[in-house]
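Following: one structure in structure tokens, then a few remarks.
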2 protein chains.
Amino acid sequence: MTDHRRRLGGWGFEGESLLPSPELLAWLDTRIGPAAHPVPAAAAAPPELPAEDLGMLPAKVSTDPLDRLAHARGQGLVDVLRVRSGPVPALPDGVCRPTDTDEVEAVLRTCSSRNIRVIPWGGGTSVTGGVNVLAGDAPALSLDLERLSGCSQLDEHSGLATFGPGTTGPGVEAALAGHDLTLGHFPQSWELATVGGWAATRSSGQESLGYGRIEDMVAGLELVAPGGRLRVPTGPASAAGPDLGRFIMGSEGRFGVITEVTLRVRQRPDQTVVAGAMLPDLEHGLEAVRELVVNGAPLTMIRLSDAPETEVAMAVGLGRSRMAPLVERWLALHGITDDACLMLFGATGDQDGVDDCLRHARAIIRSRRGVSLGRRPGRQWLRDRFRHPYLRESLLDIGYATDTLETAAPWSSALALRDAMTEAIANTLTGENERVAVLCHVSHPYRDGASLYFTFFFRCAASCEETISRWARIKRAATDQLVTAGATLSHHHGIGQWHAPWLKSEIGAEGMAVIEAAAARLDPAGIMNPHVLLNPEDRLEL
Amino acid sequence: MTDHRRRLGGWGFEGESLLPSPELLAWLDTRIGPAAHPVPAAAAAPPELPAEDLGMLPAKVSTDPLDRLAHARGQGLVDVLRVRSGPVPALPDGVCRPTDTDEVEAVLRTCSSRNIRVIPWGGGTSVTGGVNVLAGDAPALSLDLERLSGCSQLDEHSGLATFGPGTTGPGVEAALAGHDLTLGHFPQSWELATVGGWAATRSSGQESLGYGRIEDMVAGLELVAPGGRLRVPTGPASAAGPDLGRFIMGSEGRFGVITEVTLRVRQRPDQTVVAGAMLPDLEHGLEAVRELVVNGAPLTMIRLSDAPETEVAMAVGLGRSRMAPLVERWLALHGITDDACLMLFGATGDQDGVDDCLRHARAIIRSRRGVSLGRRPGRQWLRDRFRHPYLRESLLDIGYATDTLETAAPWSSALALRDAMTEAIANTLTGENERVAVLCHVSHPYRDGASLYFTFFFRCAASCEETISRWARIKRAATDQLVTAGATLSHHHGIGQWHAPWLKSEIGAEGMAVIEAAAARLDPAGIMNPHVLLNPEDRLEL
């Protein structure tokens, strides 16, 4: 049962959890060894960190210690470890929940004149240190946008809906459901993440193949910066100079606060169906995904796991089923054995449309030596699609750490990049008890390439600092490898604090300078989320 | 016969023309009266404007007077009138044709240190004053990118092709044809316009419904600015901070010179088929277009003419045909008479795919009371799609002036905007002999709205200055109306010099400031195409 109170020091809501199956635990034991150091749950009492007085702000500010703690960190592994085990290096001095755009503007103006750092807070689900509070000379304010939420305008004929930045995924869909509409943006963080956060970090949802990335959905937006308001007018397309909306998206709070977003919405589909197939190996799998995107019927999602991830998925999904040996034999008959790669592919619409689309997809999959697994794996995935993040908390409870990172690459380099990244992640830790298991999947394919998403597991150390240090070593090696390969630092997690040291390698000094120039113009005092994106200090272990 | 030498003071190549049909002339005579003041063809001798010495530049500079004249103006109506009738207010002091990116960089560095204005020149097809040279204190250099052309890299597996900025539309398709690939970007200016110009102005082609806008096609690019090089890495998608590519596109030369573009390409389709239909009125027509985009099969183009444009199209297209009375009677039987709106809709692919797609489209069109016209109107349109611009020259030859302007709007306001714009354009001139005829069509539909493209005709005055003044009055009234309606200043023509006075009304002071800040960083001396985009002076009559 969920009481919809956010859990402190972990994903999701209190009362919700996802326990690792015995099969997953057995797999972890084999691959990285037994867990030895459980991580304690978060202390009920917040750390004693004194707060600066923010009573001069033109809006109510909460200084409740638990409220401050709840706004100190995002949802990265280090964030959870810090809040569970401490020390939490800093808390915001206050949490402000503005009730309208004018109030946001007034608060930013005052903060700007008094040199108070402002960290915009949507769902607080950043996994890149994007909302983390750091110790510093200036006071820090968390600007929680939860009261700027809901649908303020709906143009059904044009399929345009305007939302406050604090609207969560379920909030968006609930507002649209009565009109038989959907946004179709379903990131794994959907239950907690918000419209403003999606736009500020260039989010991408699990059905991006059909519905597009958040950038494709945003038809207009408003930014309130310390220097003034910037409204990107709503329209289907424009050639009136540079695309300011696309420049503001991805600015991660550095330019100001996104206070309104107009989104392109669509008719809600009758059904969403996801089917499964098994490909003989990753090469055939990638080729099938590419073919499905370039020449296939309009699927809304495709997800292809590499062999290790497939092994885990099959163990967890089929492990306790009497079908397992049968399925294995059936696959072996088709030449699909150790290198097997699981593919999920989905379509939305009415019964006939979905059936047609999946049939077309299966034909392409067969042409790449794939074997259909029917709809059962898809049902399972749909059921748990937003629950997987809870697993991290259950694993920490027993002493396993897990995290993810992601990138994207053209088709011609995807396979080599997956191999190089897997090696970099797996082989970075060299100490005893420091084995790392790595899984990879493609979940956002495009005509010219795809995202690569890596999940890795390692054992917690005796101390929180050492666990964090292990993680940071992996993260540095993996990110270095991305830069070496010329792949992007992120496909949809963003830059935040943790990727910032590498951003210059990706976009160059001039690219940094352009963003800096805009930030300096919109936020002359430099108060807006000042440690993300442009600030190159390595803060992985803070 | 075409000798592929560009015509001076007019569209296209010498030796090519498109003459107005007797039916069009009769229509013009009825609607705006007889033409009285033919505009002379361009004088062979360029105006005598002395050139500054640009011998210090680290690249060869042409000072040939005809070469300078050929790079003085774009392809707007005023440009053609100026070059035909004079006076041409300014010529570039030289034309430089760099042979590689290093040379571009060296030239910009020298120009920056010596305060020489640089106007990047692709195809010179701007219709917004985007490449126009103005008189000023600083010398002006036209940087013609024709030698930076061709395909330098092709990744067939990922569907990525890298081009020099000076590659024209035919150049792109020729480079891809041997690999059975296409870009699918077909603006009306396709024969002359270039990859760099498309990216710098956010171009959109006639098949944008299927292939997307140029922004959707660009996977990576390089900008050389006086302040340094900026490379936006090639990739399918990224969340690594703001989208710098989308910010550079649309900067119209203010940020620097786009020296390389990597484009997403696709399999060349077996065939491109365009069919026609007639809708009872614009309201039904717009509703059919919306329905086709939202729920239809994957068409690659849709074009819907309003009743006046349909009247012209039918007169020109069917006028001399014995079929005309039959078609009229057939349409009348279906209740389609004076308000009839012509729709063209196209699909690409193999025979079966195209047939399926068009059949699906016809069903939707019928549901909006549309009547199929078969494939003949589409064949005609495909044959002439790049030749229409020649018509302007033939009309000027006899004393009619014509120009176009365009915008985009959500579906819910498209019809009202079309009416308001038509009225503003038609009723601005109030003198005797100053009637204006206005046509409108939708040619770039989206899920949430569509472009509106206006063509207008008026009679040339006895003097070139007065003809330009008539045009400027229309243009000001039309642009004011766009701003009043909250519609964008341009869907695909850009801002240039002529729309710049209104840009602040669209993107606000902060929007202007962000672009200015980036320009100041990349081009500290302010030498890059300094009169476009950000410079608010009204230059319509220059």
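Following the order of the structure tokens, chains are lettered A, B, ..., residues in each are numbered from 1, and ligands are numbered from 1.
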Query raised in the report: Within 7 Å of chain B, which residues of chain A show up when using only C-alpha atoms, listed as a count of residues only?
Result: 54
Requested in this report: Assign secondary structure with DSSP using the backbone only, and return the residues of stretch 172-384 of chain B in alpha helix (DSSP H) as an NGL selection string.
Outcome: :B and (172-177 or 195-201 or 208-211 or 214-217 or 244-248 or 282-295 or 307-318 or 324-333 or 351-367 or 376-384)
Would you mind listing what lies within 8 Å of stretch 391-401 of chain B as a short mmCIF file (atom, residue, chain, number, x, y, z; two decimals) with C-alpha atoms, in the first residue's frame, with only C-alpha atoms counted and same-chain residues fewer than 5 positions away left out?
data_model
loop_
_atom_site.label_atom_id
_atom_site.label_comp_id
_atom_site.auth_asym_id
_atom_site.auth_seq_id
_atom_site.Cartn_x
_atom_site.Cartn_y
_atom_site.Cartn_z
CA GLY B 10 16.30 37.42 -61.27
CA TRP B 11 15.69 33.81 -60.42
CA SER B 17 11.95 30.87 -68.08
CA LEU B 18 8.33 30.20 -67.25
CA LEU B 19 5.86 32.37 -69.11
CA PRO B 20 2.47 33.25 -67.66
CA ALA B 35 -0.05 45.97 -66.50
CA ALA B 36 1.34 49.29 -67.63
CA HIS B 37 4.96 49.53 -66.54
CA PRO B 38 7.26 46.74 -67.65
CA VAL B 39 10.44 46.42 -65.59
CA PRO B 40 13.56 46.41 -67.75
CA ALA B 41 15.90 43.43 -67.64
CA LEU B 77 11.32 41.14 -55.03
CA PHE B 457 0.24 40.31 -57.04
CA PHE B 458 0.11 44.02 -57.71
CA ARG B 459 0.89 46.30 -60.63
CA CYS B 460 4.30 47.84 -61.03
#
Query raised in the report: atom CA of A:Asp93 and atom CA of A:Pro58, how far apart in Å?
Result: 15.4 Å
Report task. Calculate how many Å separate atom CA of A:Thr125 from atom CA of A:Gly184, rounding to one decimal. Result ->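 Between these atoms lies a distance of 19.1 Å.
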Query - Between atom CA of A:Arg376 and atom CA of A:Leu331, distance in Å (one decimal) - result: 15.8 Å
Nearby residues (only C-alpha atoms) at most 12 Å from A:Leu108, same-chain spacing under 3 positions excluded, as a compact mmCIF listing (two decimals) with all heavy atoms, in the first residue's frame:
# COMPACT_ATOMS: atom_id res chain seq x y z
N LEU A 57 12.90 36.88 1.89
CA LEU A 57 12.35 36.52 0.57
C LEU A 57 10.86 36.86 0.49
O LEU A 57 10.14 36.72 1.47
CB LEU A 57 12.55 35.03 0.30
CG LEU A 57 13.98 34.58 0.02
CD1 LEU A 57 14.01 33.10 -0.32
CD2 LEU A 57 14.61 35.39 -1.10
N PRO A 58 10.41 37.29 -0.68
CA PRO A 58 9.01 37.72 -0.83
C PRO A 58 8.07 36.53 -1.02
O PRO A 58 7.14 36.60 -1.81
CB PRO A 58 9.05 38.60 -2.08
CG PRO A 58 10.17 38.05 -2.89
CD PRO A 58 11.18 37.50 -1.91
N ALA A 59 8.32 35.44 -0.32
CA ALA A 59 7.45 34.27 -0.40
C ALA A 59 7.78 33.42 0.82
O ALA A 59 8.88 33.50 1.37
CB ALA A 59 7.70 33.48 -1.67
N CYS A 96 11.33 26.86 -0.77
CA CYS A 96 10.29 27.82 -1.11
C CYS A 96 9.38 27.19 -2.16
O CYS A 96 9.85 26.57 -3.10
CB CYS A 96 10.95 29.10 -1.65
SG CYS A 96 9.78 30.35 -2.15
N PRO A 98 6.70 28.51 -4.51
CA PRO A 98 5.93 29.62 -5.07
C PRO A 98 4.58 29.15 -5.60
O PRO A 98 4.44 28.00 -6.03
CB PRO A 98 6.82 30.16 -6.19
CG PRO A 98 7.75 29.05 -6.52
CD PRO A 98 7.93 28.26 -5.27
N THR A 101 3.71 32.49 -11.13
CA THR A 101 4.91 32.91 -11.84
C THR A 101 5.45 34.23 -11.29
O THR A 101 6.66 34.44 -11.23
CB THR A 101 4.59 33.05 -13.34
OG1 THR A 101 4.05 31.81 -13.79
CG2 THR A 101 5.83 33.34 -14.14
N ASP A 102 4.54 35.12 -10.91
CA ASP A 102 5.00 36.39 -10.34
C ASP A 102 5.83 36.16 -9.09
O ASP A 102 6.83 36.85 -8.86
CB ASP A 102 3.78 37.27 -9.99
CG ASP A 102 3.10 37.81 -11.24
OD1 ASP A 102 3.74 37.79 -12.32
OD2 ASP A 102 1.94 38.23 -11.15
N GLU A 103 5.41 35.19 -8.31
CA GLU A 103 6.16 34.91 -7.10
C GLU A 103 7.55 34.35 -7.43
O GLU A 103 8.54 34.69 -6.78
CB GLU A 103 5.37 33.93 -6.22
CG GLU A 103 5.61 34.15 -4.74
CD GLU A 103 4.62 33.38 -3.87
OE1 GLU A 103 4.78 32.16 -3.71
OE2 GLU A 103 3.68 34.00 -3.38
N VAL A 104 7.61 33.50 -8.45
CA VAL A 104 8.92 33.00 -8.89
C VAL A 104 9.81 34.18 -9.27
O VAL A 104 10.98 34.27 -8.87
CB VAL A 104 8.77 32.05 -10.10
CG1 VAL A 104 10.15 31.66 -10.65
CG2 VAL A 104 7.98 30.80 -9.71
N GLU A 105 9.24 35.08 -10.03
CA GLU A 105 10.01 36.23 -10.50
C GLU A 105 10.51 37.08 -9.31
O GLU A 105 11.68 37.48 -9.27
CB GLU A 105 9.12 37.07 -11.42
CG GLU A 105 9.89 38.11 -12.20
CD GLU A 105 9.05 38.70 -13.34
OE1 GLU A 105 7.81 38.77 -13.21
OE2 GLU A 105 9.64 39.08 -14.36
N CYS A 111 16.72 37.01 -4.66
CA CYS A 111 17.89 36.12 -4.52
C CYS A 111 19.07 36.67 -5.30
O CYS A 111 20.22 36.59 -4.88
CB CYS A 111 17.56 34.71 -4.98
SG CYS A 111 16.47 33.83 -3.84
N SER A 112 18.75 37.21 -6.47
CA SER A 112 19.81 37.77 -7.30
C SER A 112 20.49 38.94 -6.61
O SER A 112 21.72 39.04 -6.59
CB SER A 112 19.21 38.20 -8.65
OG SER A 112 20.22 38.46 -9.59
N SER A 113 19.69 39.80 -6.00
CA SER A 113 20.29 40.99 -5.38
C SER A 113 21.00 40.62 -4.07
O SER A 113 21.87 41.35 -3.62
CB SER A 113 19.21 42.05 -5.13
OG SER A 113 18.32 41.59 -4.13
N ARG A 114 20.63 39.50 -3.47
CA ARG A 114 21.25 39.14 -2.18
C ARG A 114 22.20 37.96 -2.31
O ARG A 114 22.63 37.38 -1.31
CB ARG A 114 20.15 38.78 -1.19
CG ARG A 114 19.18 39.94 -0.99
CD ARG A 114 18.62 39.89 0.39
NE ARG A 114 17.84 41.05 0.68
CZ ARG A 114 17.79 41.62 1.88
NH1 ARG A 114 18.51 41.14 2.87
NH2 ARG A 114 17.04 42.67 2.08
N ASN A 115 22.48 37.57 -3.53
CA ASN A 115 23.42 36.47 -3.75
C ASN A 115 23.03 35.18 -3.04
O ASN A 115 23.83 34.57 -2.32
CB ASN A 115 24.84 36.90 -3.35
CG ASN A 115 25.89 35.95 -3.88
OD1 ASN A 115 25.69 35.36 -4.96
ND2 ASN A 115 26.97 35.76 -3.14
N ILE A 116 21.79 34.79 -3.24
CA ILE A 116 21.31 33.51 -2.70
C ILE A 116 21.20 32.50 -3.85
O ILE A 116 20.57 32.79 -4.87
CB ILE A 116 19.92 33.70 -2.04
CG1 ILE A 116 20.05 34.66 -0.87
CG2 ILE A 116 19.33 32.34 -1.61
CD1 ILE A 116 18.72 35.19 -0.36
N ARG A 117 21.84 31.37 -3.71
CA ARG A 117 21.76 30.34 -4.75
C ARG A 117 20.35 29.76 -4.83
O ARG A 117 19.74 29.50 -3.80
CB ARG A 117 22.74 29.20 -4.45
CG ARG A 117 24.19 29.55 -4.65
CD ARG A 117 25.07 28.38 -4.22
NE ARG A 117 25.11 28.24 -2.75
CZ ARG A 117 25.56 27.16 -2.11
NH1 ARG A 117 25.98 26.11 -2.80
NH2 ARG A 117 25.60 27.12 -0.80
N VAL A 118 19.87 29.55 -6.05
CA VAL A 118 18.54 28.99 -6.23
C VAL A 118 18.64 27.68 -7.01
O VAL A 118 19.21 27.64 -8.10
CB VAL A 118 17.63 29.96 -6.99
CG1 VAL A 118 16.26 29.33 -7.25
CG2 VAL A 118 17.48 31.27 -6.24
N ILE A 119 18.09 26.62 -6.44
CA ILE A 119 18.10 25.32 -7.11
C ILE A 119 16.67 24.92 -7.43
O ILE A 119 15.92 24.53 -6.54
CB ILE A 119 18.80 24.28 -6.23
CG1 ILE A 119 20.23 24.76 -5.95
CG2 ILE A 119 18.79 22.92 -6.91
CD1 ILE A 119 21.00 23.91 -4.99
N PRO A 120 16.27 25.03 -8.70
CA PRO A 120 14.90 24.64 -9.05
C PRO A 120 14.69 23.15 -8.79
O PRO A 120 15.58 22.33 -9.07
CB PRO A 120 14.82 24.94 -10.56
CG PRO A 120 15.96 25.87 -10.84
CD PRO A 120 17.03 25.50 -9.87
N LEU A 141 18.74 28.14 -1.73
CA LEU A 141 17.29 27.98 -1.63
C LEU A 141 16.85 26.90 -2.60
O LEU A 141 17.20 26.94 -3.78
CB LEU A 141 16.61 29.30 -1.99
CG LEU A 141 15.07 29.30 -1.98
CD1 LEU A 141 14.55 29.27 -0.56
CD2 LEU A 141 14.52 30.50 -2.75
N SER A 142 16.08 25.94 -2.12
CA SER A 142 15.47 24.97 -3.03
C SER A 142 14.11 25.53 -3.44
O SER A 142 13.28 25.85 -2.60
CB SER A 142 15.31 23.63 -2.32
OG SER A 142 14.68 22.71 -3.20
N LEU A 143 13.92 25.69 -4.75
CA LEU A 143 12.67 26.26 -5.26
C LEU A 143 11.80 25.11 -5.76
O LEU A 143 11.94 24.66 -6.90
CB LEU A 143 12.98 27.25 -6.39
CG LEU A 143 11.85 28.22 -6.74
CD1 LEU A 143 11.73 29.31 -5.66
CD2 LEU A 143 12.11 28.87 -8.09
N LEU A 223 10.30 30.91 -19.56
CA LEU A 223 11.40 30.84 -18.61
C LEU A 223 11.40 32.13 -17.80
O LEU A 223 11.35 33.22 -18.38
CB LEU A 223 12.73 30.73 -19.37
CG LEU A 223 14.01 30.74 -18.54
CD1 LEU A 223 14.34 29.33 -18.05
CD2 LEU A 223 15.19 31.30 -19.34
N VAL A 224 11.47 32.00 -16.49
CA VAL A 224 11.67 33.19 -15.67
C VAL A 224 13.11 33.17 -15.18
O VAL A 224 13.53 32.23 -14.50
CB VAL A 224 10.69 33.22 -14.49
CG1 VAL A 224 11.05 34.37 -13.53
CG2 VAL A 224 9.26 33.41 -14.99
N ALA A 225 13.85 34.18 -15.59
CA ALA A 225 15.25 34.28 -15.21
C ALA A 225 15.41 35.48 -14.28
O ALA A 225 14.54 36.35 -14.25
CB ALA A 225 16.11 34.49 -16.46
N PRO A 226 16.49 35.51 -13.51
CA PRO A 226 16.71 36.70 -12.69
C PRO A 226 16.70 37.98 -13.54
O PRO A 226 16.23 39.01 -13.10
CB PRO A 226 18.08 36.45 -12.07
CG PRO A 226 18.21 34.97 -12.02
CD PRO A 226 17.52 34.47 -13.26
N GLY A 227 17.16 37.89 -14.77
CA GLY A 227 17.22 39.05 -15.65
C GLY A 227 15.90 39.39 -16.34
O GLY A 227 15.81 40.44 -16.96
N GLY A 228 14.91 38.56 -16.25
CA GLY A 228 13.64 38.85 -16.92
C GLY A 228 12.95 37.59 -17.40
O GLY A 228 13.45 36.48 -17.20
N ARG A 229 11.80 37.77 -18.02
CA ARG A 229 11.05 36.63 -18.53
C ARG A 229 11.31 36.41 -20.01
O ARG A 229 11.43 37.36 -20.77
CB ARG A 229 9.54 36.87 -18.39
CG ARG A 229 9.05 36.80 -16.98
CD ARG A 229 7.52 36.74 -16.98
NE ARG A 229 7.03 37.05 -15.64
CZ ARG A 229 5.80 36.78 -15.20
NH1 ARG A 229 4.94 36.19 -16.02
NH2 ARG A 229 5.43 37.09 -13.99
N PHE A 255 19.78 28.81 -16.59
CA PHE A 255 19.26 30.03 -17.23
C PHE A 255 18.11 30.65 -16.43
O PHE A 255 17.74 31.79 -16.67
CB PHE A 255 18.73 29.71 -18.64
CG PHE A 255 19.78 29.35 -19.64
CD1 PHE A 255 19.40 28.91 -20.91
CD2 PHE A 255 21.13 29.46 -19.36
CE1 PHE A 255 20.36 28.58 -21.86
CE2 PHE A 255 22.09 29.12 -20.30
CZ PHE A 255 21.70 28.67 -21.56
N GLY A 256 17.51 29.89 -15.55
CA GLY A 256 16.34 30.36 -14.83
C GLY A 256 15.39 29.21 -14.56
O GLY A 256 15.80 28.05 -14.59
N VAL A 257 14.15 29.53 -14.30
CA VAL A 257 13.15 28.53 -13.95
C VAL A 257 12.12 28.42 -15.07
O VAL A 257 11.55 29.43 -15.48
CB VAL A 257 12.43 28.93 -12.64
CG1 VAL A 257 11.38 27.90 -12.26
CG2 VAL A 257 13.43 29.12 -11.52
N LEU A 522 21.23 35.99 -18.74
CA LEU A 522 19.95 35.75 -18.08
C LEU A 522 20.06 35.76 -16.56
O LEU A 522 19.09 36.02 -15.85
CB LEU A 522 19.38 34.39 -18.54
CG LEU A 522 18.93 34.33 -20.01
CD1 LEU A 522 18.75 32.90 -20.46
CD2 LEU A 522 17.63 35.12 -20.18
N ASP A 523 21.25 35.49 -16.08
CA ASP A 523 21.47 35.35 -14.63
C ASP A 523 22.79 36.01 -14.29
O ASP A 523 23.78 35.35 -13.98
CB ASP A 523 21.49 33.84 -14.29
CG ASP A 523 21.92 33.56 -12.87
OD1 ASP A 523 21.70 34.41 -11.99
OD2 ASP A 523 22.50 32.47 -12.64
N PRO A 524 22.81 37.35 -14.33
CA PRO A 524 24.09 38.07 -14.20
C PRO A 524 24.80 37.77 -12.86
O PRO A 524 26.02 37.75 -12.81
CB PRO A 524 23.68 39.54 -14.28
CG PRO A 524 22.32 39.57 -14.90
CD PRO A 524 21.68 38.27 -14.54
N ALA A 525 24.02 37.52 -11.81
CA ALA A 525 24.66 37.28 -10.51
C ALA A 525 25.14 35.84 -10.36
O ALA A 525 25.82 35.51 -9.39
CB ALA A 525 23.69 37.64 -9.38
N GLY A 526 24.77 34.98 -11.30
CA GLY A 526 25.23 33.59 -11.23
C GLY A 526 24.66 32.82 -10.07
O GLY A 526 25.33 31.98 -9.47
N ILE A 527 23.37 33.07 -9.75
CA ILE A 527 22.77 32.37 -8.60
C ILE A 527 22.07 31.08 -8.98
O ILE A 527 21.76 30.25 -8.14
CB ILE A 527 21.74 33.28 -7.89
CG1 ILE A 527 20.63 33.70 -8.88
CG2 ILE A 527 22.40 34.49 -7.27
CD1 ILE A 527 19.36 34.19 -8.20
N MET A 528 21.78 30.90 -10.29
CA MET A 528 20.92 29.78 -10.70
C MET A 528 21.70 28.47 -10.79
O MET A 528 22.59 28.32 -11.62
CB MET A 528 20.26 30.07 -12.04
CG MET A 528 19.27 31.25 -12.05
SD MET A 528 17.88 31.10 -10.86
CE MET A 528 17.27 29.45 -11.19
N ASN A 529 21.35 27.53 -9.93
CA ASN A 529 21.92 26.17 -9.93
C ASN A 529 23.39 26.18 -10.35
O ASN A 529 23.77 25.49 -11.30
CB ASN A 529 21.09 25.29 -10.87
CG ASN A 529 21.02 23.83 -10.37
OD1 ASN A 529 21.46 23.52 -9.27
ND2 ASN A 529 20.45 22.98 -11.19
Query raised in the report: Just asking: which residues within stretch 217-423 of chain B are strand (DSSP E) according to DSSP, as a PyMOL selection string?
Result: chain B and resi 218-225+228-232+257-264+266-267+271-279+301-305+341-349+371-374+400-410
Query raised in the report: Which residues come within 12 Å of A:Glu48, counting only C-alpha atoms, excluding same-chain residues fewer than 6 positions away, as a list in words?
Result: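 Within the cut-off, the hits are Asp64, Pro65, Leu66, Arg68, Leu69, Gly86, Pro87, Val88, Pro89, Ala90, Leu91 and Asp93 of chain A.
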Output C-alpha atoms of each residue in that selection to a file, as a compact mmCIF listing (two decimals), in the first residue's frame.
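Resulting contents of part16.txt:
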# COMPACT_ATOMS: atom_id res chain seq x y z
CA ASP A 64 11.81 22.46 8.60
CA PRO A 65 14.90 20.26 8.89
CA LEU A 66 13.25 17.22 7.32
CA ARG A 68 15.45 20.71 3.92
CA LEU A 69 16.91 17.19 3.99
CA GLY A 86 25.72 10.38 5.94
CA PRO A 87 27.34 12.69 6.12
CA VAL A 88 25.06 14.85 3.95
CA PRO A 89 27.49 17.62 3.04
CA ALA A 90 24.93 20.41 2.86
CA LEU A 91 21.22 21.16 3.12
CA ASP A 93 18.82 26.80 3.92
Report task. Measuring atom to atom with only C-alpha atoms, identify which of B:Arg379, B:Arg418, B:His388, B:Arg473 is nearest to B:Thr430. Result -> B:Arg473
